[in-house]
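The file start-v1.cif contains mmCIF, C-alpha atoms:
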```cif
data_final
#
loop_
_atom_site.group_PDB
_atom_site.id
_atom_site.type_symbol
_atom_site.label_atom_id
_atom_site.label_comp_id
_atom_site.auth_asym_id
_atom_site.auth_seq_id
_atom_site.Cartn_x
_atom_site.Cartn_y
_atom_site.Cartn_z
ATOM 1 C CA MET A 3 -119.553 -1.504 49.878
ATOM 2 C CA ARG A 4 -117.256 -3.373 52.274
ATOM 3 C CA HIS A 5 -117.436 -1.270 55.457
ATOM 4 C CA PHE A 6 -119.706 1.562 56.613
ATOM 5 C CA THR A 7 -118.420 4.114 59.108
ATOM 6 C CA CYS A 8 -119.164 7.506 57.500
ATOM 7 C CA VAL A 9 -121.119 9.253 54.754
ATOM 8 C CA GLN A 10 -118.300 8.865 52.216
ATOM 9 C CA ASP A 11 -118.640 5.065 52.348
ATOM 10 C CA LEU A 12 -122.086 5.267 50.724
ATOM 11 C CA GLY A 13 -120.740 6.755 47.496
ATOM 12 C CA ASP A 14 -123.258 8.886 45.615
ATOM 13 C CA LEU A 15 -125.510 10.325 48.318
ATOM 14 C CA LYS A 16 -128.454 11.098 46.027
ATOM 15 C CA GLN A 17 -128.439 7.519 44.767
ATOM 16 C CA ALA A 18 -128.251 6.203 48.340
ATOM 17 C CA LEU A 19 -131.292 8.295 49.223
ATOM 18 C CA GLN A 20 -133.191 6.971 46.209
ATOM 19 C CA GLU A 21 -132.407 3.410 47.305
ATOM 20 C CA ALA A 22 -133.576 4.213 50.847
ATOM 21 C CA PHE A 23 -136.907 5.574 49.589
ATOM 22 C CA GLU A 24 -137.296 2.516 47.367
ATOM 23 C CA ILE A 25 -136.875 0.328 50.456
ATOM 24 C CA LYS A 26 -139.386 2.450 52.362
ATOM 25 C CA LYS A 27 -142.047 1.778 49.728
ATOM 26 C CA ASP A 28 -141.708 -1.971 50.365
ATOM 27 C CA HIS A 29 -139.557 -3.179 53.248
ATOM 28 C CA TYR A 30 -139.657 -6.776 52.036
ATOM 29 C CA GLN A 31 -138.804 -6.552 48.347
ATOM 30 C CA PHE A 32 -135.203 -7.711 48.940
ATOM 31 C CA THR A 33 -135.933 -10.514 51.411
ATOM 32 C CA GLY A 34 -133.943 -13.092 49.451
ATOM 33 C CA LEU A 35 -130.769 -11.012 49.512
ATOM 34 C CA GLY A 36 -129.809 -12.088 53.026
ATOM 35 C CA LYS A 37 -130.804 -15.752 52.781
ATOM 36 C CA ASN A 38 -128.315 -17.958 54.684
ATOM 37 C CA LYS A 39 -126.370 -14.863 55.786
ATOM 38 C CA THR A 40 -125.840 -14.002 59.441
ATOM 39 C CA LEU A 41 -125.519 -10.582 61.059
ATOM 40 C CA LEU A 42 -123.689 -10.358 64.387
ATOM 41 C CA MET A 43 -124.483 -7.205 66.365
ATOM 42 C CA ILE A 44 -121.954 -6.418 69.112
ATOM 43 C CA PHE A 45 -122.842 -3.914 71.812
ATOM 44 C CA PHE A 46 -120.260 -2.413 74.151
ATOM 45 C CA ASN A 47 -122.901 0.172 75.146
ATOM 46 C CA SER A 48 -126.644 0.363 75.750
ATOM 47 C CA SER A 49 -129.100 0.633 72.886
ATOM 48 C CA LEU A 50 -132.800 0.747 72.110
ATOM 49 C CA ARG A 51 -133.421 2.179 68.612
ATOM 50 C CA THR A 52 -130.154 0.924 67.137
ATOM 51 C CA ARG A 53 -130.634 -2.612 68.391
ATOM 52 C CA LEU A 54 -134.269 -2.946 67.357
ATOM 53 C CA SER A 55 -134.076 -1.108 64.043
ATOM 54 C CA THR A 56 -130.916 -2.859 62.841
ATOM 55 C CA GLN A 57 -132.166 -6.302 63.795
ATOM 56 C CA LYS A 58 -135.492 -5.591 62.071
ATOM 57 C CA ALA A 59 -133.684 -4.338 58.967
ATOM 58 C CA ALA A 60 -131.620 -7.517 58.798
ATOM 59 C CA MET A 61 -134.743 -9.650 59.190
ATOM 60 C CA ASN A 62 -136.429 -7.697 56.386
ATOM 61 C CA LEU A 63 -133.537 -8.787 54.164
ATOM 62 C CA GLY A 64 -133.868 -12.431 55.212
ATOM 63 C CA MET A 65 -130.757 -12.498 57.415
ATOM 64 C CA ASN A 66 -130.209 -14.502 60.572
ATOM 65 C CA THR A 67 -129.301 -12.218 63.475
ATOM 66 C CA MET A 68 -127.233 -12.697 66.625
ATOM 67 C CA VAL A 69 -126.799 -10.103 69.374
ATOM 68 C CA LEU A 70 -123.871 -10.029 71.791
ATOM 69 C CA ASP A 71 -123.930 -7.639 74.743
ATOM 70 C CA VAL A 72 -120.293 -7.532 75.804
ATOM 71 C CA ASN A 73 -121.180 -6.267 79.286
ATOM 72 C CA GLN A 74 -123.749 -8.969 80.029
ATOM 73 C CA GLY A 75 -123.187 -12.693 79.530
ATOM 74 C CA ALA A 76 -119.808 -12.442 77.786
ATOM 75 C CA TRP A 77 -116.233 -12.530 79.006
ATOM 76 C CA LYS A 78 -114.814 -9.156 79.896
ATOM 77 C CA LEU A 79 -112.547 -8.157 77.035
ATOM 78 C CA GLU A 80 -109.089 -6.616 77.235
ATOM 79 C CA THR A 81 -108.468 -4.054 74.496
ATOM 80 C CA GLU A 82 -104.880 -2.933 75.189
ATOM 81 C CA ARG A 83 -101.794 -4.531 73.693
ATOM 82 C CA GLY A 84 -98.833 -5.457 75.887
ATOM 83 C CA VAL A 85 -100.747 -5.699 79.158
ATOM 84 C CA ILE A 86 -100.255 -8.497 81.666
ATOM 85 C CA MET A 87 -103.746 -9.963 81.862
ATOM 86 C CA ASP A 88 -103.847 -10.631 85.590
ATOM 87 C CA GLY A 89 -107.017 -8.641 86.252
ATOM 88 C CA ASP A 90 -110.726 -9.232 85.660
ATOM 89 C CA LYS A 91 -110.484 -9.498 81.837
ATOM 90 C CA PRO A 92 -109.800 -13.113 80.815
ATOM 91 C CA GLU A 93 -110.033 -12.668 77.029
ATOM 92 C CA HIS A 94 -108.327 -10.298 74.628
ATOM 93 C CA LEU A 95 -110.243 -8.575 71.870
ATOM 94 C CA LEU A 96 -107.574 -9.701 69.392
ATOM 95 C CA GLU A 97 -108.605 -13.323 69.872
ATOM 96 C CA ALA A 98 -112.303 -12.599 70.377
ATOM 97 C CA ILE A 99 -112.702 -10.625 67.139
ATOM 98 C CA PRO A 100 -111.532 -13.304 64.668
ATOM 99 C CA VAL A 101 -113.560 -15.896 66.576
ATOM 100 C CA MET A 102 -116.667 -13.731 66.187
ATOM 101 C CA GLY A 103 -115.878 -13.441 62.484
ATOM 102 C CA CYS A 104 -116.032 -17.241 62.179
ATOM 103 C CA TYR A 105 -119.727 -17.263 63.094
ATOM 104 C CA CYS A 106 -121.165 -14.567 60.835
ATOM 105 C CA ASP A 107 -121.071 -12.790 57.494
ATOM 106 C CA VAL A 108 -121.484 -9.166 58.610
ATOM 107 C CA ILE A 109 -120.637 -7.460 61.904
ATOM 108 C CA GLY A 110 -122.226 -4.352 63.441
ATOM 109 C CA VAL A 111 -120.317 -2.687 66.298
ATOM 110 C CA ARG A 112 -121.500 -0.157 68.884
ATOM 111 C CA SER A 113 -118.714 1.332 71.004
ATOM 112 C CA PHE A 114 -118.878 4.836 72.472
ATOM 113 C CA ALA A 115 -116.077 7.260 73.282
ATOM 114 C CA GLN A 116 -114.550 6.489 76.657
ATOM 115 C CA PHE A 117 -113.213 10.016 77.343
ATOM 116 C CA GLU A 118 -110.060 8.403 78.747
ATOM 117 C CA SER A 119 -107.874 9.092 75.718
ATOM 118 C CA LYS A 120 -108.790 11.555 72.997
ATOM 119 C CA LYS A 121 -106.318 9.801 70.692
ATOM 120 C CA ASP A 122 -107.937 6.394 71.239
ATOM 121 C CA ASP A 123 -111.418 7.837 70.738
ATOM 122 C CA TYR A 124 -110.631 9.826 67.610
ATOM 123 C CA THR A 125 -108.642 7.028 65.966
ATOM 124 C CA GLU A 126 -111.649 4.708 66.541
ATOM 125 C CA LYS A 127 -109.527 2.130 68.310
ATOM 126 C CA ILE A 128 -112.288 -0.430 68.968
ATOM 127 C CA LEU A 129 -114.138 -0.141 65.653
ATOM 128 C CA ASN A 130 -110.924 -0.350 63.633
ATOM 129 C CA GLN A 131 -109.827 -3.501 65.422
ATOM 130 C CA PHE A 132 -112.997 -5.182 64.166
ATOM 131 C CA ILE A 133 -112.348 -3.898 60.646
ATOM 132 C CA ASN A 134 -108.721 -5.064 60.736
ATOM 133 C CA TYR A 135 -109.082 -8.466 62.428
ATOM 134 C CA SER A 136 -112.583 -9.888 61.854
ATOM 135 C CA GLY A 137 -112.177 -10.675 58.164
ATOM 136 C CA LYS A 138 -115.800 -9.607 57.632
ATOM 137 C CA PRO A 139 -117.620 -6.456 56.512
ATOM 138 C CA VAL A 140 -118.114 -4.156 59.498
ATOM 139 C CA PHE A 141 -120.526 -1.275 59.974
ATOM 140 C CA SER A 142 -120.791 1.237 62.783
ATOM 141 C CA MET A 143 -123.846 1.192 65.041
ATOM 142 C CA GLU A 144 -122.310 4.272 66.732
ATOM 143 C CA ALA A 145 -118.628 4.640 67.362
ATOM 144 C CA ALA A 146 -116.525 7.091 69.337
ATOM 145 C CA THR A 147 -116.672 9.869 66.755
ATOM 146 C CA ARG A 148 -119.634 9.138 64.458
ATOM 147 C CA HIS A 149 -123.141 7.653 64.382
ATOM 148 C CA PRO A 150 -123.683 7.200 60.630
ATOM 149 C CA LEU A 151 -126.864 5.089 60.759
ATOM 150 C CA GLN A 152 -128.506 7.853 62.804
ATOM 151 C CA SER A 153 -127.286 10.581 60.473
ATOM 152 C CA PHE A 154 -128.493 8.685 57.404
ATOM 153 C CA ALA A 155 -131.923 8.391 59.029
ATOM 154 C CA ASP A 156 -131.802 12.105 59.883
ATOM 155 C CA LEU A 157 -131.089 12.955 56.256
ATOM 156 C CA ILE A 158 -133.912 10.707 55.022
ATOM 157 C CA THR A 159 -136.258 12.476 57.449
ATOM 158 C CA ILE A 160 -135.231 15.969 56.368
ATOM 159 C CA GLU A 161 -135.676 14.997 52.716
ATOM 160 C CA GLU A 162 -139.198 13.785 53.523
ATOM 161 C CA TYR A 163 -140.269 16.873 55.448
ATOM 162 C CA LYS A 164 -138.424 19.736 53.760
ATOM 163 C CA LYS A 165 -140.622 22.403 52.123
ATOM 164 C CA THR A 166 -137.859 24.090 50.176
ATOM 165 C CA ALA A 167 -135.023 22.717 48.061
ATOM 166 C CA ARG A 168 -132.383 24.233 50.329
ATOM 167 C CA PRO A 169 -133.687 24.274 53.909
ATOM 168 C CA LYS A 170 -131.905 25.964 56.790
ATOM 169 C CA VAL A 171 -130.846 23.259 59.241
ATOM 170 C CA VAL A 172 -129.600 24.218 62.710
ATOM 171 C CA LEU A 173 -127.690 21.906 65.046
ATOM 172 C CA THR A 174 -127.984 23.323 68.550
ATOM 173 C CA TRP A 175 -126.171 22.319 71.718
ATOM 174 C CA ALA A 176 -128.452 21.899 74.739
ATOM 175 C CA PRO A 177 -127.729 21.187 78.409
ATOM 176 C CA HIS A 178 -127.431 17.700 79.888
ATOM 177 C CA PRO A 179 -126.427 16.402 83.348
ATOM 178 C CA LYS A 180 -123.880 13.900 81.975
ATOM 179 C CA ALA A 181 -120.883 14.208 79.667
ATOM 180 C CA LEU A 182 -121.962 12.882 76.262
ATOM 181 C CA PRO A 183 -119.759 11.978 73.270
ATOM 182 C CA GLN A 184 -119.509 14.132 70.168
ATOM 183 C CA ALA A 185 -120.462 11.207 67.882
ATOM 184 C CA VAL A 186 -123.991 12.333 66.980
ATOM 185 C CA PRO A 187 -123.196 16.030 66.403
ATOM 186 C CA ASN A 188 -119.977 15.148 64.546
ATOM 187 C CA SER A 189 -121.807 12.737 62.295
ATOM 188 C CA PHE A 190 -124.823 14.996 61.745
ATOM 189 C CA ALA A 191 -122.503 17.837 60.761
ATOM 190 C CA GLU A 192 -120.578 15.603 58.388
ATOM 191 C CA TRP A 193 -123.755 14.458 56.638
ATOM 192 C CA MET A 194 -125.238 17.958 56.455
ATOM 193 C CA ASN A 195 -122.013 19.216 54.893
ATOM 194 C CA ALA A 196 -122.418 16.539 52.218
ATOM 195 C CA THR A 197 -125.686 18.233 51.140
ATOM 196 C CA ASP A 198 -126.372 21.696 49.748
ATOM 197 C CA TYR A 199 -128.479 22.719 52.768
ATOM 198 C CA GLU A 200 -127.825 25.939 54.651
ATOM 199 C CA PHE A 201 -126.220 24.506 57.788
ATOM 200 C CA VAL A 202 -125.626 26.305 61.075
ATOM 201 C CA ILE A 203 -124.119 25.024 64.341
ATOM 202 C CA THR A 204 -124.835 26.923 67.549
ATOM 203 C CA HIS A 205 -123.304 26.278 70.963
ATOM 204 C CA PRO A 206 -121.743 28.104 73.910
ATOM 205 C CA GLU A 207 -118.076 29.061 73.665
ATOM 206 C CA GLY A 208 -115.878 26.125 74.643
ATOM 207 C CA TYR A 209 -118.068 23.546 72.908
ATOM 208 C CA GLU A 210 -116.439 23.815 69.484
ATOM 209 C CA LEU A 211 -116.437 20.532 67.570
ATOM 210 C CA ASP A 212 -113.516 19.027 65.683
ATOM 211 C CA PRO A 213 -112.996 21.295 62.630
ATOM 212 C CA GLN A 214 -112.971 18.281 60.286
ATOM 213 C CA PHE A 215 -116.647 17.748 61.132
ATOM 214 C CA VAL A 216 -117.651 21.413 61.318
ATOM 215 C CA GLY A 217 -116.533 21.760 57.712
ATOM 216 C CA ASN A 218 -118.307 24.585 55.902
ATOM 217 C CA ALA A 219 -120.990 25.080 58.543
ATOM 218 C CA THR A 220 -121.672 28.539 59.936
ATOM 219 C CA VAL A 221 -120.876 28.602 63.665
ATOM 220 C CA GLU A 222 -123.093 30.986 65.649
ATOM 221 C CA TYR A 223 -122.684 31.485 69.397
ATOM 222 C CA ASP A 224 -126.003 33.323 69.738
ATOM 223 C CA GLN A 225 -128.630 30.571 69.801
ATOM 224 C CA ARG A 226 -131.565 32.862 69.131
ATOM 225 C CA LYS A 227 -129.858 34.398 66.123
ATOM 226 C CA ALA A 228 -129.096 30.906 64.795
ATOM 227 C CA PHE A 229 -132.760 29.897 65.100
ATOM 228 C CA GLU A 230 -134.041 32.809 62.988
ATOM 229 C CA GLY A 231 -135.635 31.484 59.808
ATOM 230 C CA ALA A 232 -134.639 27.864 60.473
ATOM 231 C CA ASP A 233 -136.592 25.038 58.839
ATOM 232 C CA PHE A 234 -135.193 22.259 61.057
ATOM 233 C CA ILE A 235 -133.851 22.395 64.605
ATOM 234 C CA TYR A 236 -131.701 19.439 65.652
ATOM 235 C CA ALA A 237 -130.973 19.522 69.378
ATOM 236 C CA LYS A 238 -128.153 17.533 70.971
ATOM 237 C CA ASN A 239 -125.796 17.784 73.908
ATOM 238 C CA TRP A 240 -122.103 17.024 73.686
ATOM 239 C CA ALA A 241 -119.147 17.338 76.037
ATOM 240 C CA ALA A 242 -116.180 19.569 75.269
ATOM 241 C CA TYR A 243 -113.884 18.458 72.447
ATOM 242 C CA THR A 244 -110.986 20.892 72.729
ATOM 243 C CA ASP A 245 -108.060 20.308 75.098
ATOM 244 C CA PRO A 246 -107.576 20.509 78.032
ATOM 245 C CA ASN A 247 -111.324 20.047 78.612
ATOM 246 C CA TYR A 248 -111.933 17.014 76.389
ATOM 247 C CA GLY A 249 -114.883 15.010 77.696
ATOM 248 C CA LYS A 250 -115.816 17.553 80.362
ATOM 249 C CA ILE A 251 -119.056 19.413 81.116
ATOM 250 C CA LEU A 252 -118.389 23.130 80.896
ATOM 251 C CA SER A 253 -121.984 24.298 81.239
ATOM 252 C CA THR A 254 -125.487 23.149 82.151
ATOM 253 C CA ASP A 255 -126.993 26.527 81.273
ATOM 254 C CA ARG A 256 -130.764 25.967 81.024
ATOM 255 C CA SER A 257 -131.120 29.053 78.836
ATOM 256 C CA TRP A 258 -129.965 26.791 75.967
ATOM 257 C CA THR A 259 -132.935 24.428 76.382
ATOM 258 C CA VAL A 260 -135.066 24.398 73.230
ATOM 259 C CA ASP A 261 -138.440 25.919 74.129
ATOM 260 C CA SER A 262 -141.467 27.339 72.324
ATOM 261 C CA GLU A 263 -140.142 30.913 72.592
ATOM 262 C CA LYS A 264 -137.052 29.981 70.574
ATOM 263 C CA MET A 265 -139.006 27.822 68.133
ATOM 264 C CA ALA A 266 -141.189 30.870 67.426
ATOM 265 C CA LEU A 267 -138.105 32.527 65.921
ATOM 266 C CA THR A 268 -137.918 29.835 63.238
ATOM 267 C CA ASN A 269 -139.746 29.322 59.968
ATOM 268 C CA ASN A 270 -142.201 27.020 61.748
ATOM 269 C CA ALA A 271 -139.285 24.593 62.022
ATOM 270 C CA TYR A 272 -139.495 20.887 62.640
ATOM 271 C CA PHE A 273 -137.866 19.680 65.847
ATOM 272 C CA MET A 274 -135.455 16.729 65.669
ATOM 273 C CA HIS A 275 -133.488 14.689 68.187
ATOM 274 C CA CYS A 276 -131.835 11.268 67.970
ATOM 275 C CA LEU A 277 -133.385 10.054 71.275
ATOM 276 C CA PRO A 278 -133.279 9.240 74.124
ATOM 277 C CA VAL A 279 -133.918 12.820 75.172
ATOM 278 C CA ARG A 280 -133.888 14.468 78.594
ATOM 279 C CA ARG A 281 -137.144 16.402 78.671
ATOM 280 C CA ASN A 282 -136.948 19.928 80.042
ATOM 281 C CA MET A 283 -133.162 19.781 79.803
ATOM 282 C CA ILE A 284 -132.685 19.350 76.052
ATOM 283 C CA VAL A 285 -136.221 20.333 75.044
ATOM 284 C CA THR A 286 -139.424 21.341 76.786
ATOM 285 C CA ASP A 287 -142.484 19.099 76.856
ATOM 286 C CA ASP A 288 -144.534 21.417 74.675
ATOM 287 C CA VAL A 289 -141.949 21.448 71.876
ATOM 288 C CA ILE A 290 -141.303 17.716 71.736
ATOM 289 C CA GLU A 291 -145.044 17.003 71.887
ATOM 290 C CA SER A 292 -145.946 19.603 69.275
ATOM 291 C CA GLU A 293 -147.096 18.885 65.730
ATOM 292 C CA GLN A 294 -143.702 20.093 64.502
ATOM 293 C CA SER A 295 -141.846 17.412 66.453
ATOM 294 C CA ILE A 296 -140.719 14.654 64.096
ATOM 295 C CA VAL A 297 -138.629 12.615 66.533
ATOM 296 C CA ILE A 298 -140.798 9.501 66.075
ATOM 297 C CA PRO A 299 -140.725 9.445 62.243
ATOM 298 C CA GLU A 300 -137.000 10.161 62.558
ATOM 299 C CA ALA A 301 -136.574 7.108 64.805
ATOM 300 C CA ALA A 302 -138.693 4.990 62.452
ATOM 301 C CA ASN A 303 -136.299 5.857 59.628
ATOM 302 C CA ARG A 304 -133.516 4.116 61.533
ATOM 303 C CA GLU A 305 -134.891 0.856 60.127
ATOM 304 C CA ILE A 306 -134.672 2.284 56.609
ATOM 305 C CA SER A 307 -131.114 3.581 56.949
ATOM 306 C CA ALA A 308 -129.931 0.282 58.424
ATOM 307 C CA GLN A 309 -131.636 -1.729 55.699
ATOM 308 C CA ALA A 310 -130.164 0.440 52.940
ATOM 309 C CA VAL A 311 -126.668 -0.013 54.395
ATOM 310 C CA LEU A 312 -127.047 -3.758 54.903
ATOM 311 C CA LYS A 313 -128.364 -4.126 51.371
ATOM 312 C CA LYS A 314 -125.259 -2.436 49.936
ATOM 313 C CA ILE A 315 -122.993 -4.616 52.083
ATOM 314 C CA LEU A 316 -124.779 -7.813 51.077
ATOM 315 C CA LEU A 317 -124.527 -6.894 47.402
ATOM 316 C CA GLY A 318 -120.779 -6.681 47.876
ATOM 317 C CA LEU A 319 -120.351 -10.143 49.406
#
```
What is this structure when it is put down as structure tokens?
Amino acid sequence: MRHFTCVQDLGDLKQALQEAFEIKKDHYQFTGLGKNKTLLMIFFNSSLRTRLSTQKAAMNLGMNTMVLDVNQGAWKLETERGVIMDGDKPEHLLEAIPVMGCYCDVIGVRSFAQFESKKDDYTEKILNQFINYSGKPVFSMEAATRHPLQSFADLITIEEYKKTARPKVVLTWAPHPKALPQAVPNSFAEWMNATDYEFVITHPEGYELDPQFVGNATVEYDQRKAFEGADFIYAKNWAAYTDPNYGKILSTDRSWTVDSEKMALTNNAYFMHCLPVRRNMIVTDDVIESEQSIVIPEAANREISAQAVLKKILLGL
């Protein structure tokens, strides 16, 4: 595997899951694979789980790791072609990227949607510049439209906790005070559609996702109806995708918050969220602290998904 940006890059998904569970049995069985190899992790946006889990995964494989926070301690980077650089950005990404590639063997990039241009966001302008100009394998640590390491970890978690071969998995929109990208819900939907699960997406009208990610999912605008008989509830906020409201907050309706009343409609479902989570906006305290909340094991599996991806990339070097 050269690059990793979506579920299709992994190839056979069942085999990828088997490899992930093999890694989980012994995190250190492939330590020699990354000897004398360096991972450069580049962050255009904040991170906690992604930064720690990916760095730990690389260390488990014997890699050297370097972390660059573009917004702290680095030159401000211009990303647009054809601009007169007479502002506060002294370096262009088109020079910075190949220089970064000189110092490492693999590059991880985290760059969120900016909500300034839907075209720029949905063509993955920043991530693709790294793929095109670094000369090194590149993987996404969350991009404008997808968060594949998170979704891989989500899938690993569902496979661990499912009680039936074909569980009902529900992705539900929930309110949030800020406009959030569609990357996590897009990616989660894409990965769920790659399985044979029963998959339902529920959200208020106006919050429809890009049809390419919705795929074969059932879309249900009645949240309570969607929750009926569910085995997993995955809560996440996202801003509007459709024009002319792209990137806007259309609702902060607290009736969409995941609470114990709604969870009682499910088949004793497990609660999932990618974290960080706004308590009593996205989910109530009692739900996230319940025995059915698996947000911590889900976060722990971020190390496993990152290590499985890095292993496949290293094998391709």
Requested in this report: Choose the residue, out of A:Phe234, A:Lys180, A:Leu316, A:Ala310, that has the smallest atom-to-atom separation from Thr40 (chain A); count all atoms listed in the file.
Outcome: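 Checking each of A:Phe234, A:Lys180, A:Leu316, A:Ala310 against Thr40 (chain A), counting all atoms listed in the file, the winner is A:Leu316.
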**Report entry** Reference answer for the PyMOL selection byres ((chain A and resi 73) around 12), as a ChimeraX atom specification
**Finding:** /A:44-48,70-72,74-79,91,113
**Report entry** Using all atoms listed in the file: which of A:Lys27, A:Arg226, A:Lys164, A:His94 has the shortest distance to Gln294 (chain A)
**Finding:** A:Lys164
Requested in this report: Carefully work through the PyMOL selection byres ((chain A and resi 98-106) around 6) for this structure and note down the residues it includes, as a list in words.
Outcome: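 When the PyMOL selection byres ((chain A and resi 98-106) around 6) is applied, the selected residues are Thr40, Leu41, Leu95, Leu96, Glu97, Asp107, Val108, Tyr135 and Ser136 of chain A.
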**Report entry** Polymer residues at most 10 Å from Arg53 (chain A), only C-alpha atoms, same-chain spacing of 5 or more positions, as a list in words
**Finding:** Met43, Ile44, Phe45, Ser48, Lys58, Val69, Gly110, Arg112, Met143 and Glu305 of chain A
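If you look at CA of Arg148 (chain A) and CA of Arg4 (chain A), they are 17.6 Å away from each other.
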Would you kindly place N, CA, C and O atoms on region 165-177 of chain A and return the model as a PDB file, keeping the file's coordinate frame?
```
ATOM      1  N   LYS A 165    -139.647  21.674  52.935  1.00  0.00           N
ATOM      2  CA  LYS A 165    -140.622  22.403  52.123  1.00  0.00           C
ATOM      3  C   LYS A 165    -139.946  23.308  51.100  1.00  0.00           C
ATOM      4  O   LYS A 165    -140.616  23.986  50.333  1.00  0.00           O
ATOM      5  N   THR A 166    -138.628  23.307  51.126  1.00  0.00           N
ATOM      6  CA  THR A 166    -137.859  24.090  50.176  1.00  0.00           C
ATOM      7  C   THR A 166    -136.651  23.267  49.760  1.00  0.00           C
ATOM      8  O   THR A 166    -136.206  22.390  50.518  1.00  0.00           O
ATOM      9  N   ALA A 167    -136.131  23.524  48.581  1.00  0.00           N
ATOM     10  CA  ALA A 167    -135.023  22.717  48.061  1.00  0.00           C
ATOM     11  C   ALA A 167    -133.779  22.837  48.926  1.00  0.00           C
ATOM     12  O   ALA A 167    -133.017  21.877  49.056  1.00  0.00           O
ATOM     13  N   ARG A 168    -133.584  24.007  49.523  1.00  0.00           N
ATOM     14  CA  ARG A 168    -132.383  24.233  50.329  1.00  0.00           C
ATOM     15  C   ARG A 168    -132.792  24.745  51.709  1.00  0.00           C
ATOM     16  O   ARG A 168    -132.740  25.940  51.993  1.00  0.00           O
ATOM     17  N   PRO A 169    -133.226  23.844  52.589  1.00  0.00           N
ATOM     18  CA  PRO A 169    -133.687  24.274  53.909  1.00  0.00           C
ATOM     19  C   PRO A 169    -132.528  24.746  54.790  1.00  0.00           C
ATOM     20  O   PRO A 169    -131.370  24.377  54.573  1.00  0.00           O
ATOM     21  N   LYS A 170    -132.881  25.567  55.769  1.00  0.00           N
ATOM     22  CA  LYS A 170    -131.905  25.964  56.790  1.00  0.00           C
ATOM     23  C   LYS A 170    -132.007  24.971  57.940  1.00  0.00           C
ATOM     24  O   LYS A 170    -133.058  24.833  58.568  1.00  0.00           O
ATOM     25  N   VAL A 171    -130.901  24.284  58.201  1.00  0.00           N
ATOM     26  CA  VAL A 171    -130.846  23.259  59.241  1.00  0.00           C
ATOM     27  C   VAL A 171    -129.908  23.752  60.337  1.00  0.00           C
ATOM     28  O   VAL A 171    -128.755  24.123  60.065  1.00  0.00           O
ATOM     29  N   VAL A 172    -130.388  23.731  61.578  1.00  0.00           N
ATOM     30  CA  VAL A 172    -129.600  24.218  62.710  1.00  0.00           C
ATOM     31  C   VAL A 172    -129.352  23.085  63.692  1.00  0.00           C
ATOM     32  O   VAL A 172    -130.298  22.459  64.182  1.00  0.00           O
ATOM     33  N   LEU A 173    -128.088  22.826  63.981  1.00  0.00           N
ATOM     34  CA  LEU A 173    -127.690  21.906  65.046  1.00  0.00           C
ATOM     35  C   LEU A 173    -127.403  22.745  66.275  1.00  0.00           C
ATOM     36  O   LEU A 173    -126.507  23.594  66.263  1.00  0.00           O
ATOM     37  N   THR A 174    -128.175  22.536  67.339  1.00  0.00           N
ATOM     38  CA  THR A 174    -127.984  23.323  68.550  1.00  0.00           C
ATOM     39  C   THR A 174    -127.562  22.458  69.728  1.00  0.00           C
ATOM     40  O   THR A 174    -128.140  21.398  69.977  1.00  0.00           O
ATOM     41  N   TRP A 175    -126.543  22.919  70.436  1.00  0.00           N
ATOM     42  CA  TRP A 175    -126.171  22.319  71.718  1.00  0.00           C
ATOM     43  C   TRP A 175    -127.281  22.612  72.720  1.00  0.00           C
ATOM     44  O   TRP A 175    -127.955  23.644  72.641  1.00  0.00           O
ATOM     45  N   ALA A 176    -127.491  21.690  73.659  1.00  0.00           N
ATOM     46  CA  ALA A 176    -128.452  21.899  74.739  1.00  0.00           C
ATOM     47  C   ALA A 176    -127.904  21.240  75.994  1.00  0.00           C
ATOM     48  O   ALA A 176    -127.095  20.317  75.905  1.00  0.00           O
ATOM     49  N   PRO A 177    -128.331  21.683  77.162  1.00  0.00           N
ATOM     50  CA  PRO A 177    -127.729  21.187  78.409  1.00  0.00           C
ATOM     51  C   PRO A 177    -128.111  19.755  78.740  1.00  0.00           C
ATOM     52  O   PRO A 177    -129.162  19.257  78.326  1.00  0.00           O
TER      53      PRO A 177
END
```
